[in-house]
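What follows is my_file_0.tsv (TSV, C-alpha atoms and all ligand atoms).
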```tsv
chain	number	residue	atom	x	y	z
A	575	MET	CA	-39.29	-28.81	-92.48
A	576	ALA	CA	-39.76	-26.26	-95.27
A	577	ALA	CA	-42.04	-27.37	-98.07
A	578	ALA	CA	-39.89	-27.93	-101.20
A	579	GLY	CA	-39.77	-24.86	-103.44
A	580	VAL	CA	-41.80	-22.61	-101.13
A	581	LEU	CA	-39.91	-19.47	-100.08
A	582	PRO	CA	-40.58	-18.22	-96.54
A	583	LEU	CA	-42.28	-14.85	-96.03
A	584	ARG	CA	-40.24	-12.52	-93.82
A	585	THR	CA	-40.80	-9.46	-91.66
A	586	ARG	CA	-39.03	-7.40	-88.95
A	587	ALA	CA	-40.50	-7.13	-85.46
A	588	ARG	CA	-39.24	-3.67	-84.46
A	589	ALA	CA	-38.82	-2.58	-80.86
A	590	LYS	CA	-41.57	-0.24	-79.61
A	591	VAL	CA	-40.49	2.77	-77.58
A	592	ASN	CA	-42.94	4.74	-75.43
A	593	LEU	CA	-41.58	8.31	-75.84
A	594	ASP	CA	-43.91	9.29	-73.02
A	595	LEU	CA	-46.61	7.47	-71.06
A	596	ARG	CA	-49.39	8.81	-68.83
A	597	VAL	CA	-51.61	6.57	-66.75
A	598	LEU	CA	-55.11	8.08	-66.60
A	599	GLY	CA	-56.73	5.56	-64.30
A	600	ARG	CA	-57.67	1.94	-63.74
A	601	ARG	CA	-60.72	0.38	-65.34
A	602	PRO	CA	-63.13	-1.76	-63.32
A	603	ASP	CA	-61.65	-4.87	-65.04
A	604	GLY	CA	-58.19	-4.00	-63.66
A	605	TYR	CA	-56.54	-2.77	-66.89
A	606	HIS	CA	-55.05	0.74	-66.91
A	607	GLU	CA	-56.10	3.54	-69.27
A	608	LEU	CA	-53.03	5.10	-70.88
A	609	GLU	CA	-51.94	7.84	-73.25
A	610	SER	CA	-48.60	7.28	-74.92
A	611	LEU	CA	-46.65	8.63	-77.88
A	612	VAL	CA	-45.15	5.51	-79.42
A	613	ALA	CA	-42.28	5.27	-81.91
A	614	PHE	CA	-40.44	2.30	-83.42
A	615	ALA	CA	-36.72	1.55	-83.50
A	616	GLY	CA	-34.49	0.25	-86.26
A	617	VAL	CA	-33.58	-2.74	-84.07
A	618	GLY	CA	-35.86	-5.73	-83.71
A	619	ASP	CA	-36.48	-9.45	-83.97
A	620	GLU	CA	-36.91	-11.22	-87.31
A	621	LEU	CA	-39.78	-13.56	-88.13
A	622	SER	CA	-40.27	-15.81	-91.13
A	623	LEU	CA	-43.17	-18.05	-92.13
A	624	THR	CA	-42.88	-21.11	-94.35
A	625	PRO	CA	-46.42	-21.47	-95.67
A	626	HIS	CA	-48.72	-24.43	-96.14
A	627	VAL	CA	-47.17	-26.69	-93.47
A	628	PRO	CA	-48.64	-27.35	-90.01
A	629	SER	CA	-48.32	-24.51	-87.47
A	630	SER	CA	-45.04	-24.60	-85.50
A	631	LEU	CA	-42.36	-22.31	-84.04
A	632	ALA	CA	-38.56	-22.53	-83.87
A	633	ILE	CA	-36.50	-19.90	-82.03
A	634	ALA	CA	-32.87	-18.90	-82.62
A	635	GLY	CA	-30.80	-15.77	-82.05
A	636	PRO	CA	-28.79	-14.10	-79.28
A	637	ARG	CA	-31.81	-13.61	-76.94
A	638	ALA	CA	-33.45	-17.01	-77.53
A	639	ALA	CA	-32.26	-18.55	-74.25
A	640	GLY	CA	-35.11	-19.16	-71.82
A	641	LEU	CA	-37.86	-18.31	-74.31
A	642	ALA	CA	-40.00	-21.41	-74.88
A	643	ALA	CA	-41.37	-22.14	-78.34
A	644	ASP	CA	-44.56	-23.51	-76.77
A	645	ASP	CA	-48.26	-22.58	-76.98
A	646	GLY	CA	-47.69	-19.66	-74.60
A	647	ASN	CA	-45.29	-17.95	-77.00
A	648	LEU	CA	-46.86	-14.79	-78.36
A	649	VAL	CA	-46.12	-15.89	-81.95
A	650	LEU	CA	-48.25	-19.02	-81.57
A	651	ARG	CA	-50.88	-17.16	-79.54
A	652	ALA	CA	-51.17	-14.70	-82.42
A	653	ALA	CA	-51.42	-17.58	-84.91
A	654	ARG	CA	-54.31	-19.08	-82.89
A	655	ALA	CA	-56.05	-15.68	-82.73
A	656	PHE	CA	-55.66	-15.38	-86.52
A	657	ARG	CA	-57.16	-18.82	-87.14
A	658	GLU	CA	-60.10	-18.00	-84.85
A	659	ALA	CA	-60.69	-14.75	-86.75
A	660	PHE	CA	-60.25	-16.40	-90.18
A	661	PRO	CA	-61.38	-20.05	-89.93
A	662	GLY	CA	-59.84	-22.19	-92.69
A	663	ALA	CA	-56.91	-19.76	-93.22
A	664	SER	CA	-53.56	-21.11	-94.45
A	665	MET	CA	-51.02	-21.39	-91.63
A	666	GLY	CA	-47.32	-22.32	-91.58
A	667	ALA	CA	-44.04	-22.83	-89.74
A	668	PHE	CA	-42.59	-19.76	-87.98
A	669	ARG	CA	-38.89	-19.15	-87.33
A	670	LEU	CA	-38.11	-16.37	-84.86
A	671	VAL	CA	-34.66	-14.78	-84.56
A	672	LYS	CA	-34.81	-13.23	-81.09
A	673	ARG	CA	-32.57	-10.16	-80.71
A	674	LEU	CA	-34.56	-7.99	-78.25
A	675	PRO	CA	-34.29	-8.56	-74.49
A	676	VAL	CA	-37.40	-10.27	-73.08
A	677	ALA	CA	-39.71	-8.48	-70.58
A	678	SER	CA	-37.94	-5.17	-71.12
A	679	GLY	CA	-40.56	-2.50	-71.91
A	680	ILE	CA	-39.89	-2.37	-75.65
A	681	GLY	CA	-42.63	-4.83	-76.55
A	682	GLY	CA	-40.51	-7.52	-78.18
A	683	GLY	CA	-43.17	-10.16	-77.60
A	684	SER	CA	-45.93	-7.83	-78.81
A	685	ALA	CA	-43.87	-7.00	-81.91
A	686	ASP	CA	-43.39	-10.75	-82.57
A	687	ALA	CA	-47.14	-11.35	-82.22
A	688	ALA	CA	-47.90	-8.46	-84.57
A	689	ALA	CA	-45.27	-9.76	-87.02
A	690	ALA	CA	-46.95	-13.19	-87.00
A	691	LEU	CA	-50.32	-11.54	-87.74
A	692	ARG	CA	-48.76	-9.51	-90.59
A	693	LEU	CA	-47.24	-12.62	-92.18
A	694	LEU	CA	-50.47	-14.62	-91.90
A	695	ALA	CA	-52.42	-11.64	-93.26
A	696	ARG	CA	-50.01	-11.44	-96.24
A	697	LEU	CA	-50.29	-15.18	-96.85
A	698	ASN	CA	-54.09	-15.09	-96.78
A	699	GLY	CA	-54.61	-11.79	-98.65
A	700	VAL	CA	-56.03	-9.98	-95.61
A	701	PRO	CA	-55.35	-6.19	-95.51
A	702	LEU	CA	-53.85	-4.75	-92.29
A	703	SER	CA	-56.91	-2.50	-92.05
A	704	ASP	CA	-59.27	-5.53	-91.70
A	705	ARG	CA	-61.22	-5.03	-88.45
A	706	ARG	CA	-61.15	-8.80	-87.67
A	707	LEU	CA	-57.33	-8.67	-87.83
A	708	ARG	CA	-57.25	-5.60	-85.55
A	709	ALA	CA	-59.61	-7.29	-83.08
A	710	ALA	CA	-57.40	-10.40	-83.10
A	711	ALA	CA	-54.35	-8.22	-82.35
A	712	ALA	CA	-56.10	-6.58	-79.37
A	713	ARG	CA	-57.09	-10.02	-78.03
A	714	VAL	CA	-53.45	-11.16	-78.00
A	715	GLY	CA	-52.15	-8.19	-75.97
A	716	ALA	CA	-52.63	-4.48	-75.26
A	717	ASP	CA	-49.50	-3.46	-77.21
A	718	VAL	CA	-50.11	-5.69	-80.24
A	719	PRO	CA	-52.47	-3.31	-82.18
A	720	VAL	CA	-49.85	-0.51	-82.31
A	721	CYS	CA	-47.18	-3.02	-83.37
A	722	LEU	CA	-49.32	-4.26	-86.29
A	723	GLU	CA	-48.19	-1.35	-88.50
A	724	SER	CA	-45.21	-0.35	-86.30
A	725	ARG	CA	-45.59	3.34	-87.20
A	726	ALA	CA	-45.32	6.28	-84.78
A	727	ARG	CA	-48.67	7.34	-83.33
A	728	LEU	CA	-50.55	8.22	-80.18
A	729	MET	CA	-51.96	5.21	-78.36
A	730	ALA	CA	-54.86	5.44	-75.88
A	731	GLY	CA	-57.39	3.30	-74.04
A	732	ILE	CA	-55.50	0.22	-72.89
A	733	GLY	CA	-53.65	0.29	-76.23
A	734	GLU	CA	-56.51	-0.40	-78.64
A	735	ARG	CA	-57.26	3.23	-79.56
A	736	LEU	CA	-54.72	4.45	-82.12
A	737	GLY	CA	-54.30	7.95	-83.51
A	738	PRO	CA	-53.30	8.61	-87.12
A	739	VAL	CA	-49.79	7.65	-88.23
A	740	LEU	CA	-47.38	10.51	-87.36
A	741	ARG	CA	-44.40	11.68	-89.38
A	742	LEU	CA	-41.99	12.22	-86.50
A	743	PRO	CA	-38.59	13.77	-87.12
A	744	GLY	CA	-36.06	10.92	-86.92
A	745	LEU	CA	-34.90	10.69	-83.31
A	746	PHE	CA	-31.31	9.54	-82.80
A	747	ALA	CA	-31.42	7.36	-79.70
A	748	VAL	CA	-29.47	5.01	-77.50
A	749	LEU	CA	-31.43	2.14	-75.92
A	750	ALA	CA	-30.00	0.56	-72.76
A	751	ASN	CA	-31.18	-2.39	-70.70
A	752	PRO	CA	-29.36	-3.55	-67.55
A	753	GLY	CA	-30.29	-7.22	-68.02
A	754	VAL	CA	-33.00	-7.30	-65.35
A	755	PRO	CA	-36.33	-8.61	-66.67
A	756	VAL	CA	-39.26	-6.56	-65.33
A	757	GLY	CA	-42.81	-7.97	-65.43
A	758	THR	CA	-45.51	-5.61	-66.76
A	759	VAL	CA	-48.15	-6.92	-64.32
A	760	GLY	CA	-45.95	-6.14	-61.30
A	761	VAL	CA	-45.21	-2.58	-62.45
A	762	PHE	CA	-48.88	-1.73	-63.04
A	763	GLY	CA	-49.66	-3.34	-59.67
A	764	ALA	CA	-47.01	-1.23	-57.92
A	765	LEU	CA	-48.83	1.93	-59.08
A	766	GLY	CA	-51.36	0.99	-56.41
A	767	LEU	CA	-54.51	2.24	-58.19
A	768	ALA	CA	-57.84	0.69	-57.15
A	769	ALA	CA	-60.11	-0.72	-59.87
A	770	GLY	CA	-62.29	2.14	-61.12
A	771	GLU	CA	-59.91	4.85	-59.80
A	772	THR	CA	-59.06	7.86	-61.99
A	773	CYS	CA	-55.79	9.73	-61.49
A	774	ALA	CA	-55.30	12.11	-64.44
A	775	PRO	CA	-57.51	13.85	-67.02
A	776	ALA	CA	-57.22	12.79	-70.66
A	777	ARG	CA	-55.39	15.32	-72.83
A	778	CYS	CA	-58.24	16.90	-74.82
A	779	ALA	CA	-57.63	16.94	-78.58
A	780	ALA	CA	-54.15	15.41	-78.70
A	781	SER	CA	-52.08	17.84	-80.75
A	782	ALA	CA	-49.68	16.56	-83.39
A	783	PRO	CA	-46.06	16.47	-82.15
A	784	PRO	CA	-43.71	19.19	-83.48
A	785	ALA	CA	-42.07	18.61	-86.86
A	786	GLY	CA	-38.50	19.49	-85.76
A	787	ALA	CA	-36.31	17.22	-83.61
A	788	ALA	CA	-35.25	20.00	-81.20
A	789	GLU	CA	-38.89	21.06	-80.69
A	790	LEU	CA	-39.91	17.44	-80.15
A	791	HIS	CA	-37.11	16.97	-77.59
A	792	ALA	CA	-38.41	20.08	-75.75
A	793	ALA	CA	-42.03	18.87	-75.89
A	794	LEU	CA	-41.03	15.44	-74.58
A	795	ALA	CA	-39.07	17.05	-71.74
A	796	ARG	CA	-42.40	18.42	-70.46
A	797	SER	CA	-43.91	14.90	-70.28
A	798	GLY	CA	-42.73	11.73	-68.54
A	799	ASN	CA	-43.41	8.06	-67.94
A	800	ASP	CA	-45.78	7.40	-65.02
A	801	LEU	CA	-44.55	3.80	-64.81
A	802	ALA	CA	-40.94	4.84	-64.09
A	803	ALA	CA	-41.37	5.32	-60.32
A	804	PRO	CA	-43.15	1.98	-59.67
A	805	ALA	CA	-40.72	0.17	-61.99
A	806	GLN	CA	-37.74	1.61	-60.10
A	807	ARG	CA	-39.18	0.36	-56.81
A	808	ILE	CA	-39.16	-3.15	-58.33
A	809	ALA	CA	-35.85	-2.81	-60.21
A	810	PRO	CA	-33.64	-0.08	-58.66
A	811	GLU	CA	-31.08	-0.71	-61.45
A	812	ILE	CA	-33.32	1.45	-63.68
A	813	GLY	CA	-32.20	4.52	-61.70
A	814	GLU	CA	-28.60	3.86	-62.64
A	815	VAL	CA	-29.50	3.34	-66.33
A	816	LEU	CA	-31.27	6.71	-66.38
A	817	GLU	CA	-28.35	8.42	-64.65
A	818	ARG	CA	-25.78	6.94	-67.03
A	819	LEU	CA	-27.87	7.84	-70.12
A	820	ALA	CA	-28.42	11.43	-68.88
A	821	ALA	CA	-24.67	11.86	-68.27
A	822	LEU	CA	-23.60	10.79	-71.80
A	823	PRO	CA	-22.13	13.64	-73.90
A	824	GLY	CA	-24.88	15.20	-76.05
A	825	SER	CA	-27.75	13.45	-74.23
A	826	ARG	CA	-30.89	15.65	-74.52
A	827	LEU	CA	-33.39	13.49	-72.61
A	828	ALA	CA	-33.23	10.17	-70.74
A	829	ARG	CA	-36.42	8.21	-70.04
A	830	MET	CA	-37.71	4.69	-69.41
A	831	SER	CA	-39.83	2.95	-72.07
A	832	GLY	CA	-43.07	1.13	-71.18
A	833	SER	CA	-42.86	-0.76	-67.90
A	834	GLY	CA	-39.02	-0.98	-68.10
A	835	ALA	CA	-36.30	-1.75	-67.62
A	836	THR	CA	-35.12	-0.50	-71.05
A	837	CYS	CA	-34.43	3.24	-71.09
A	838	PHE	CA	-33.55	5.56	-73.97
A	839	ALA	CA	-31.62	8.77	-74.44
A	840	LEU	CA	-32.08	11.17	-77.36
A	841	PHE	CA	-29.27	12.94	-79.26
A	842	ASP	CA	-29.03	15.61	-81.96
A	843	ASP	CA	-27.40	13.44	-84.60
A	844	CYS	CA	-26.24	9.98	-85.59
A	845	ALA	CA	-22.57	10.60	-84.72
A	846	ALA	CA	-23.48	11.68	-81.16
A	847	SER	CA	-25.74	8.67	-80.51
A	848	ALA	CA	-23.20	6.22	-81.98
A	849	ALA	CA	-20.35	7.68	-79.87
A	850	ALA	CA	-22.54	7.65	-76.74
A	851	ALA	CA	-23.53	4.00	-77.27
A	852	LYS	CA	-19.86	3.05	-77.67
A	853	ALA	CA	-18.86	4.95	-74.52
A	854	LEU	CA	-21.68	3.38	-72.47
A	855	ALA	CA	-20.82	-0.12	-73.73
A	856	ARG	CA	-17.25	0.41	-72.48
A	857	GLU	CA	-18.57	1.48	-69.06
A	858	ARG	CA	-21.23	-1.23	-68.76
A	859	PRO	CA	-20.16	-4.22	-70.90
A	860	GLY	CA	-22.93	-6.43	-69.46
A	861	TRP	CA	-25.80	-4.18	-70.56
A	862	TRP	CA	-27.76	-4.48	-73.83
A	863	ILE	CA	-26.99	-1.17	-75.59
A	864	ARG	CA	-27.98	-0.09	-79.11
A	865	ALA	CA	-27.76	3.17	-81.07
A	866	THR	CA	-30.83	3.39	-83.28
A	867	LEU	CA	-33.16	5.76	-85.12
A	868	LEU	CA	-36.68	6.07	-83.65
A	869	ARG	CA	-39.51	7.05	-85.98
A	901	LIG	C1	-46.74	-1.01	-70.45
A	901	LIG	C2	-46.82	-1.14	-71.95
A	901	LIG	C3	-46.86	0.28	-72.58
A	901	LIG	O1	-46.80	0.24	-73.98
A	901	LIG	O2	-45.70	-1.75	-72.57
A	901	LIG	P1	-44.59	-2.86	-72.09
A	901	LIG	O3	-43.91	-2.41	-70.87
A	901	LIG	O4	-45.31	-4.15	-71.89
A	901	LIG	O5	-43.64	-2.95	-73.26
A	901	LIG	C4	-48.12	-1.87	-72.37
A	901	LIG	O6	-49.27	-1.17	-71.93
A	901	LIG	C5	-48.24	-3.29	-71.93
A	901	LIG	O7	-48.88	-4.01	-72.94
A	901	LIG	P2	-48.77	-5.62	-73.04
A	901	LIG	O8	-47.44	-6.05	-72.58
A	901	LIG	O9	-49.22	-6.02	-74.39
A	901	LIG	O10	-49.84	-6.02	-71.95
A	901	LIG	P3	-50.79	-7.31	-71.86
A	901	LIG	O11	-49.98	-8.53	-72.16
A	901	LIG	O12	-52.04	-7.09	-72.63
A	901	LIG	O13	-51.17	-7.28	-70.32
A	901	LIG	C6	-50.31	-7.75	-69.31
A	901	LIG	C7	-50.84	-7.23	-68.00
A	901	LIG	O14	-50.47	-5.85	-67.85
A	901	LIG	C8	-51.50	-5.12	-67.23
A	901	LIG	N1	-51.93	-4.04	-68.13
A	901	LIG	C9	-51.55	-4.02	-69.43
A	901	LIG	C10	-51.91	-2.98	-70.25
A	901	LIG	C11	-52.70	-1.94	-69.71
A	901	LIG	N2	-53.09	-0.90	-70.45
A	901	LIG	N3	-53.10	-1.98	-68.42
A	901	LIG	C12	-52.70	-3.01	-67.62
A	901	LIG	O15	-53.04	-3.02	-66.43
A	901	LIG	C13	-52.60	-6.10	-66.90
A	901	LIG	O16	-52.38	-6.55	-65.58
A	901	LIG	C14	-52.35	-7.25	-67.85
A	901	LIG	O17	-52.82	-8.47	-67.34
A	902	LIG	N1	-41.96	-14.13	-78.62
A	902	LIG	C1	-41.82	-13.63	-77.38
A	902	LIG	N2	-40.88	-12.70	-77.14
A	902	LIG	C2	-40.77	-12.15	-75.90
A	902	LIG	N3	-41.50	-12.51	-74.85
A	902	LIG	C3	-42.45	-13.45	-75.04
A	902	LIG	C4	-42.64	-14.04	-76.31
A	902	LIG	N4	-43.65	-14.91	-76.18
A	902	LIG	C5	-44.06	-14.87	-74.92
A	902	LIG	N5	-43.35	-14.00	-74.21
A	902	LIG	C6	-43.57	-13.65	-72.79
A	902	LIG	O1	-44.20	-12.37	-72.77
A	902	LIG	C7	-43.72	-11.56	-71.71
A	902	LIG	C8	-43.55	-10.12	-72.17
A	902	LIG	O2	-42.49	-10.07	-73.05
A	902	LIG	P1	-42.02	-8.77	-73.85
A	902	LIG	O3	-42.97	-8.42	-74.92
A	902	LIG	O4	-40.60	-9.01	-74.25
A	902	LIG	O5	-42.09	-7.68	-72.69
A	902	LIG	P2	-42.13	-6.11	-72.81
A	902	LIG	O6	-43.40	-5.74	-73.50
A	902	LIG	O7	-42.08	-5.62	-71.38
A	902	LIG	O8	-40.91	-5.72	-73.59
A	902	LIG	C9	-42.41	-12.20	-71.23
A	902	LIG	O9	-42.53	-12.47	-69.87
A	902	LIG	C10	-42.26	-13.49	-72.03
A	902	LIG	O10	-42.08	-14.62	-71.22
```
Can the structure from this file be put into structure tokens for me?
Ligand SMILES: C[C@@](CO)(OP(=O)(O)O)[C@H](O)COP(=O)(O)OP(=O)(O)OC[C@H]1O[C@@H](n2ccc(N)nc2=O)[C@H](O)[C@@H]1O
Ligand SMILES: Nc1ncnc2c1ncn2[C@@H]1O[C@H](COP(=O)(O)OP(=O)(O)O)[C@@H](O)[C@H]1O
Amino acid sequence: MAAAGVLPLRTRARAKVNLDLRVLGRRPDGYHELESLVAFAGVGDELSLTPHVPSSLAIAGPRAAGLAADDGNLVLRAARAFREAFPGASMGAFRLVKRLPVASGIGGGSADAAAALRLLARLNGVPLSDRRLRAAAARVGADVPVCLESRARLMAGIGERLGPVLRLPGLFAVLANPGVPVGTVGVFGALGLAAGETCAPARCAASAPPAGAAELHAALARSGNDLAAPAQRIAPEIGEVLERLAALPGSRLARMSGSGATCFALFDDCAASAAAAKALARERPGWWIRATLLR
């Protein structure tokens, strides 16, 4: 129950989109070294924190079904990581409004974890640049550090090495998910790399992405997502999502995000992405489809 007179703190947990993703190799500990240009969408979950009451989590929202509010939830895992990093910190009661599909390659759980860390940091006067906070984020999950600030940047290592924040041109996108959850572990496993194996050289000094949307579309067309092929072997529905997105009027590029199954298409303007999302929703009423700005 909310403490009388105490207003909850609130934040958005925006969907992460991997505009491209290269797998460089597999570390001896089994994790994969990546390079990815990451952007964030206007759609996301919502998280609030009622301070100064015992730690707890309640979940509501259109995608809440099947997501347990137990100790394994990434919100409560993040809260534990925060308390370990800042012993004696004030905690509170979280309420998550779940809108993003679960296990879908847009990091909803990672964004929720990062949102929990942001709220606890705000409550306890900890700046987002605090290295103990960043270390706590990396302990919760590979994608959590980039979600902490939720700003476009290059991500490397297993996700813990972040480039400077990038001012990307706004990318008008349609996100589409066919309703098939895809596990990250299985997709990395299906790549079939042995521990310690290298498969691609790191891009030397990563150059800043172009400032114009058309130039960025063209640059992205020269890259890809190395997890798309293994993900499609696990969930062949992804092939159909990519085909449908590529065939939409005005679609400039169609690609899978993260380990799937969510895919995105890019458009020149807001009217084109909105019309495309509407048309796709008519064709595939069972899919999760959103027009959104990536930046
Ligand atoms: C693939 C990516 C790309 O952004 O996104 P999603 O598809 O999850 O959204 C991420 O690397 C996912 O990060 P995240 O989902 O936080 O991964 P974690 O929970 O830390 O790890 C889950 C499992 O994925 C594998 N894993 C994860 C990250 C990585 N760089 N190499 C890996 O091999 C490991 O088997 C690990 O046990
Ligand atoms: N708050 C949460 N939101 C989503 N998934 C969560 C959450 N807490 C724990 N999980 C678990 O984490 C896994 C990854 O979820 P998610 O971040 O949605 O995947 P992805 O990064 O592929 O989009 C799921 O299998 C889910 O059971």
Could you please give me, as a VMD selection string, the residues of protein, DNA or RNA lying at most 6 Å from (-53.5, -4.9, -85.6) in the coordinate frame of the file, considering only C-alpha atoms?
chain A and resid 707 to 708 711 719 722
Check which residues of chain A sit at most 8 Å from ligand LIG 902 (chain A) using all atoms listed in the file, and return one row each with the closest pair of atoms and their distance in Å to one decimal, ordered by chain and rising number, as CSV.
```
residue,atom,partner,partner_atom,distance
A:Leu641,CA,A:LIG902,O10,6.4
A:Ala642,CA,A:LIG902,N4,7.6
A:Ala643,CA,A:LIG902,N4,7.9
A:Gly646,CA,A:LIG902,C5,6.0
A:Asn647,CA,A:LIG902,N4,3.6
A:Leu648,CA,A:LIG902,N4,3.9
A:Val649,CA,A:LIG902,N1,5.6
A:Leu670,CA,A:LIG902,N1,7.7
A:Lys672,CA,A:LIG902,N2,7.3
A:Leu674,CA,A:LIG902,O4,7.3
A:Pro675,CA,A:LIG902,O4,6.3
A:Val676,CA,A:LIG902,O4,3.6
A:Ala677,CA,A:LIG902,O5,3.3
A:Ser678,CA,A:LIG902,O8,3.9
A:Gly679,CA,A:LIG902,O7,3.5
A:Ile680,CA,A:LIG902,O8,4.1
A:Gly681,CA,A:LIG902,O6,3.3
A:Gly682,CA,A:LIG902,O3,4.2
A:Gly683,CA,A:LIG902,O3,3.2
A:Ser684,CA,A:LIG902,O3,4.9
A:Ala685,CA,A:LIG902,O3,7.2
A:Asp686,CA,A:LIG902,N1,5.4
A:Ala687,CA,A:LIG902,N1,6.9
A:Asp717,CA,A:LIG902,O6,7.5
A:Pro755,CA,A:LIG902,O9,8.0
A:Val756,CA,A:LIG902,O7,6.7
A:Gly757,CA,A:LIG902,O9,6.3
A:Thr758,CA,A:LIG902,O7,5.8
A:Gly832,CA,A:LIG902,O7,6.8
A:Ser833,CA,A:LIG902,O7,6.0
A:Gly834,CA,A:LIG902,O7,6.5
A:Ala835,CA,A:LIG902,O7,7.9
```
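When only C-alpha atoms and all ligand atoms are used to measure the gap to ligand LIG 901 (chain A), the shortest distance among A:Ala776, A:Ala821, A:Val612, A:Ala768 belongs to A:Val612.
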Can you tell me, as a PDB file with C-alpha atoms, in the frame of the given file, what residues are no more than 12 Å from Gly662 (chain A) when counting all atoms listed in the file, ignoring any on the same chain fewer than 4 positions away?
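Okay, this is what ended up in selection17.pdb:
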```pdb
ATOM      1  CA  HIS A 626     -48.720 -24.430 -96.140  1.00  0.00           C
ATOM      2  CA  ARG A 654     -54.310 -19.080 -82.890  1.00  0.00           C
ATOM      3  CA  PHE A 656     -55.660 -15.380 -86.520  1.00  0.00           C
ATOM      4  CA  ARG A 657     -57.160 -18.820 -87.140  1.00  0.00           C
ATOM      5  CA  GLU A 658     -60.100 -18.000 -84.850  1.00  0.00           C
ATOM      6  CA  ASN A 698     -54.090 -15.090 -96.780  1.00  0.00           C
TER       7      ASN A 698
END
```
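Going from CA of Val720 (chain A) over to CA of Asn799 (chain A), you cover 17.9 Å.
For the choices A:Leu581, A:Leu631, A:Ala709, A:Ala638, the atom-to-atom distance to Phe660 (chain A) is smallest for A:Ala709 when using all atoms listed in the file.
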Taking all atoms listed in the file into account, which of A:Arg669, A:Arg596, A:Arg869, A:Arg713 comes nearest Ala774 (chain A)?
A:Arg596
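Comparing the minimum interatomic distances between Pro859 (chain A) and each of A:Ala652, A:Ala809, A:Leu790, A:Ala750, counting all atoms listed in the file, we find that A:Ala750 sits nearest.
Put simply, CA of Asn751 (chain A) is 24.6 Å away from CA of Ile732 (chain A).
Distances to Leu745 (chain A) were evaluated for A:Ser664, A:Ser825, A:Thr624, A:Ser629 using all atoms listed in the file, and the minimum falls at A:Ser825.
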How far is it from CA of Ala716 (chain A) to CA of Pro810 (chain A), in Å with one decimal?
25.6 Å
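Candidate residues A:Val597, A:Leu583, A:Leu650, A:Val617 were compared for distance to Ala747 (chain A), and the nearest is A:Val617, using only C-alpha atoms.
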Please output region 681-693 of chain A, rebuilt to include N, CA and C atoms, as a compact mmCIF listing (two decimals), in the coordinates of the input.
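Printed below is result-v7.txt as written:
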```
# COMPACT_ATOMS: atom_id res chain seq x y z
N GLY A 681 -41.59 -4.09 -75.83
CA GLY A 681 -42.63 -4.83 -76.55
C GLY A 681 -42.14 -5.87 -77.53
N GLY A 682 -41.02 -6.53 -77.24
CA GLY A 682 -40.51 -7.52 -78.18
C GLY A 682 -41.54 -8.61 -78.46
N GLY A 683 -42.17 -9.10 -77.42
CA GLY A 683 -43.17 -10.16 -77.60
C GLY A 683 -44.37 -9.65 -78.38
N SER A 684 -44.79 -8.43 -78.09
CA SER A 684 -45.93 -7.83 -78.81
C SER A 684 -45.56 -7.64 -80.28
N ALA A 685 -44.32 -7.20 -80.53
CA ALA A 685 -43.87 -7.00 -81.91
C ALA A 685 -43.82 -8.34 -82.65
N ASP A 686 -43.41 -9.41 -81.95
CA ASP A 686 -43.39 -10.75 -82.57
C ASP A 686 -44.80 -11.20 -82.92
N ALA A 687 -45.74 -10.96 -81.98
CA ALA A 687 -47.14 -11.35 -82.22
C ALA A 687 -47.69 -10.59 -83.42
N ALA A 688 -47.41 -9.28 -83.46
CA ALA A 688 -47.90 -8.46 -84.57
C ALA A 688 -47.25 -8.91 -85.89
N ALA A 689 -45.97 -9.29 -85.81
CA ALA A 689 -45.27 -9.76 -87.02
C ALA A 689 -45.91 -11.06 -87.52
N ALA A 690 -46.29 -11.93 -86.60
CA ALA A 690 -46.95 -13.19 -87.00
C ALA A 690 -48.28 -12.88 -87.68
N LEU A 691 -49.03 -11.92 -87.12
CA LEU A 691 -50.32 -11.54 -87.74
C LEU A 691 -50.10 -10.94 -89.12
N ARG A 692 -49.04 -10.12 -89.27
CA ARG A 692 -48.76 -9.51 -90.59
C ARG A 692 -48.45 -10.58 -91.62
N LEU A 693 -47.63 -11.58 -91.22
CA LEU A 693 -47.24 -12.62 -92.18
C LEU A 693 -48.45 -13.46 -92.58
```
